[in-house]
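Since the structure comes first, as structure tokens, the remarks are kept for the end.
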Amino acid sequence: MENLSRNRMFGGWNKQYRHASSSLNCDMRFAIYLPPQASNGQKVPVLYWLSGLTCTDENFMHKAGAQRIAAELGIAIVAPDTSPRGDAVADAEGYDLGKGAGFYVNATQSPWSEHYQMYDYVMDELPKLIEATFPVSDLRSISGHSMGGHGALVMALRNPQRFKSVSAFSPISNPINSPWGKKAFSAYLGKNTDSWADYDASLLMRQASQFVPTLVDQGEADEFLVEQLKPEALEAAAKTSGYPLELNRHEGYDHSYFFIASFIEQHLRFHAQHLGA
């Protein structure tokens, strides 16, 4: 790994790294915040953060204001990039497909399948790298925003034994019925929609028999609320399966990092309860 930056922050360290990814067949970047407890011989739990469309590993670390609370609670934060990168990586016109829009799936269709294996990267490769390199434990929670909220929910729902808790801001809750999801899944997974269900949080929650504590916050002034996000599908699914979903709606808040920064403390404290931090 190559350390690209390191900045002292709230007694801990905010760092950025680049490494060669075997899952994605390209170099990848990730950001990590290590709280002060990690410098005192203590292995700390990890919150993985998945960002949304057009974002990189930097957006959350620069804009969310999460490090102060993470330092208090003794939680590391890891933020991967949102897609594979590089000249050899397939791309498309528009912001909602290709680079910056990996959708946290394992692509099965050419040309995407050569690099776009974001599900495997976030679920397996990255945690192994983090746990082998940094003073962190194997206690994990996961969170994300928009496309990343979709990814966080899907990973927790499909792997309830791997995560102590999951949260999301403005997640794409029912991607098989949203324009963003239909475009991405058609390209990455093909026209056969049967495989799409593996990456739809509402469908997975409806059928769930193992539960992970789940917190979702949604702004009522979000410009993507009705057409793209569809939190009502998630609420209906939780009601069907008895899933422990707490979904809060906030009047006047939009889709931006201003919304995330307003409620990130509540999310970190929610995860801390379940991580034992």
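As shown in the structure tokens, the chain order sets the letters A, B, ...; within each chain, residues go from 1, and ligands are also counted from 1 in the order they appear.
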Surrounding residues of range 59-75 of chain A excluding itself and chain neighbours under 2 positions, 8 Å, only C-alpha atoms, as a VMD selection string: chain A and resid 9 to 12 31 33 to 38 44 to 47 49 51 55 to 57 77 79 257 to 258 260 to 261 264 to 265 268 to 269 272 277
Enumerate, in order of chain and increasing residue number, the residues of range 91-188 of chain A with an atom no farther than 7 Å from range 193-201 of chain A, each with its shortest atom pair and distance in Å to one decimal, counting only C-alpha atoms, as a tab-separated table.
residue	atom	partner	partner_atom	distance
A:His150	CA	A:Ala201	CA	6.7
A:Leu153	CA	A:Ala201	CA	5.9
A:Val154	CA	A:Ala201	CA	5.2
A:Ser173	CA	A:Ala201	CA	5.7
A:Asn174	CA	A:Asp200	CA	5.7
A:Pro175	CA	A:Asp200	CA	5.9
A:Ile176	CA	A:Asp200	CA	6.6
A:Phe185	CA	A:Trp196	CA	6.6
Name the residues of range 11-146 of chain A that fall into alpha helix (DSSP H) according to DSSP on the backbone, using the chain letters and numbers of this document, as number ranges by chain. A: 58-63, 67-73, 118-120, 126-133
Go ahead and save the picked residues with N, CA and C atoms, as a compact mmCIF listing (two decimals), in the first residue's frame.
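Output saved as selection19.txt:
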# COMPACT_ATOMS: atom_id res chain seq x y z
N GLU A 58 -13.13 10.48 -0.72
CA GLU A 58 -12.86 11.72 0.01
C GLU A 58 -14.11 12.43 0.52
N ASN A 59 -15.24 12.27 -0.15
CA ASN A 59 -16.41 13.10 0.16
C ASN A 59 -16.82 13.02 1.62
N PHE A 60 -17.00 11.81 2.11
CA PHE A 60 -17.46 11.65 3.49
C PHE A 60 -16.46 12.20 4.48
N MET A 61 -15.18 11.90 4.27
CA MET A 61 -14.15 12.33 5.22
C MET A 61 -14.02 13.86 5.27
N HIS A 62 -14.28 14.52 4.15
CA HIS A 62 -14.14 15.97 4.09
C HIS A 62 -15.40 16.71 4.54
N LYS A 63 -16.58 16.12 4.35
CA LYS A 63 -17.82 16.88 4.49
C LYS A 63 -18.73 16.46 5.65
N GLN A 67 -15.47 12.66 12.28
CA GLN A 67 -14.28 12.24 13.02
C GLN A 67 -14.32 12.64 14.49
N ARG A 68 -14.92 13.76 14.82
CA ARG A 68 -14.95 14.19 16.22
C ARG A 68 -15.67 13.17 17.09
N ILE A 69 -16.82 12.70 16.63
CA ILE A 69 -17.58 11.71 17.39
C ILE A 69 -16.89 10.35 17.34
N ALA A 70 -16.32 10.00 16.19
CA ALA A 70 -15.60 8.73 16.10
C ALA A 70 -14.43 8.69 17.07
N ALA A 71 -13.76 9.83 17.26
CA ALA A 71 -12.66 9.91 18.22
C ALA A 71 -13.16 9.70 19.64
N GLU A 72 -14.29 10.31 19.96
CA GLU A 72 -14.87 10.14 21.30
C GLU A 72 -15.26 8.68 21.55
N LEU A 73 -15.86 8.05 20.55
CA LEU A 73 -16.41 6.70 20.72
C LEU A 73 -15.37 5.60 20.51
N MET A 118 -17.51 -4.67 -7.08
CA MET A 118 -17.48 -3.86 -5.87
C MET A 118 -18.05 -4.60 -4.65
N TYR A 119 -18.99 -5.50 -4.86
CA TYR A 119 -19.54 -6.27 -3.74
C TYR A 119 -18.44 -7.09 -3.08
N ASP A 120 -17.68 -7.83 -3.87
CA ASP A 120 -16.59 -8.64 -3.32
C ASP A 120 -15.51 -7.76 -2.68
N LEU A 126 -11.37 -5.67 1.05
CA LEU A 126 -11.02 -4.49 1.84
C LEU A 126 -10.98 -4.78 3.34
N PRO A 127 -11.98 -5.45 3.93
CA PRO A 127 -11.89 -5.74 5.36
C PRO A 127 -10.66 -6.59 5.73
N LYS A 128 -10.30 -7.55 4.90
CA LYS A 128 -9.11 -8.36 5.18
C LYS A 128 -7.87 -7.48 5.19
N LEU A 129 -7.79 -6.55 4.23
CA LEU A 129 -6.65 -5.65 4.17
C LEU A 129 -6.61 -4.73 5.38
N ILE A 130 -7.75 -4.18 5.75
CA ILE A 130 -7.83 -3.26 6.88
C ILE A 130 -7.44 -3.97 8.18
N GLU A 131 -7.97 -5.16 8.39
CA GLU A 131 -7.74 -5.88 9.63
C GLU A 131 -6.32 -6.43 9.74
N ALA A 132 -5.67 -6.65 8.59
CA ALA A 132 -4.29 -7.12 8.60
C ALA A 132 -3.29 -5.98 8.76
N THR A 133 -3.71 -4.76 8.49
CA THR A 133 -2.78 -3.63 8.43
C THR A 133 -2.88 -2.68 9.60
Using CA of Gln117 in chain A and CA of Val105 in chain A as the two end points, give the distance in Å to one decimal.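 Between CA of Gln117 in chain A and CA of Val105 in chain A the gap works out to 6.1 Å.
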Extract, using only C-alpha atoms, all DNA, RNA and protein residues at most 12 Å from Arg206 in chain A, discarding same-chain residues fewer than 5 positions from it, and format them as a PyMOL selection string. chain A and resi 157+173-174+197+200-201+211+233-245
A:Gly151, A:Gly252, A:Pro171, A:Pro84 ranked by distance to Met123 in chain A, top pick (using only C-alpha atoms):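 With only C-alpha atoms as the atom set, the closest residue is A:Gly151.
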For each of A:Ser137, A:Gln218, A:Gln273, A:Ser22, take the minimum atom-to-atom distance to Ser165 in chain A, counting only C-alpha atoms, then give the residue where this is smallest.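 When distances to Ser165 in chain A are compared using only C-alpha atoms, the smallest one comes from A:Gln273.
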Calculated over only C-alpha atoms, which of the candidates A:Lys183, A:Lys164, A:His145, A:His250 has the smallest distance to Phe270 in chain A? A:Lys164
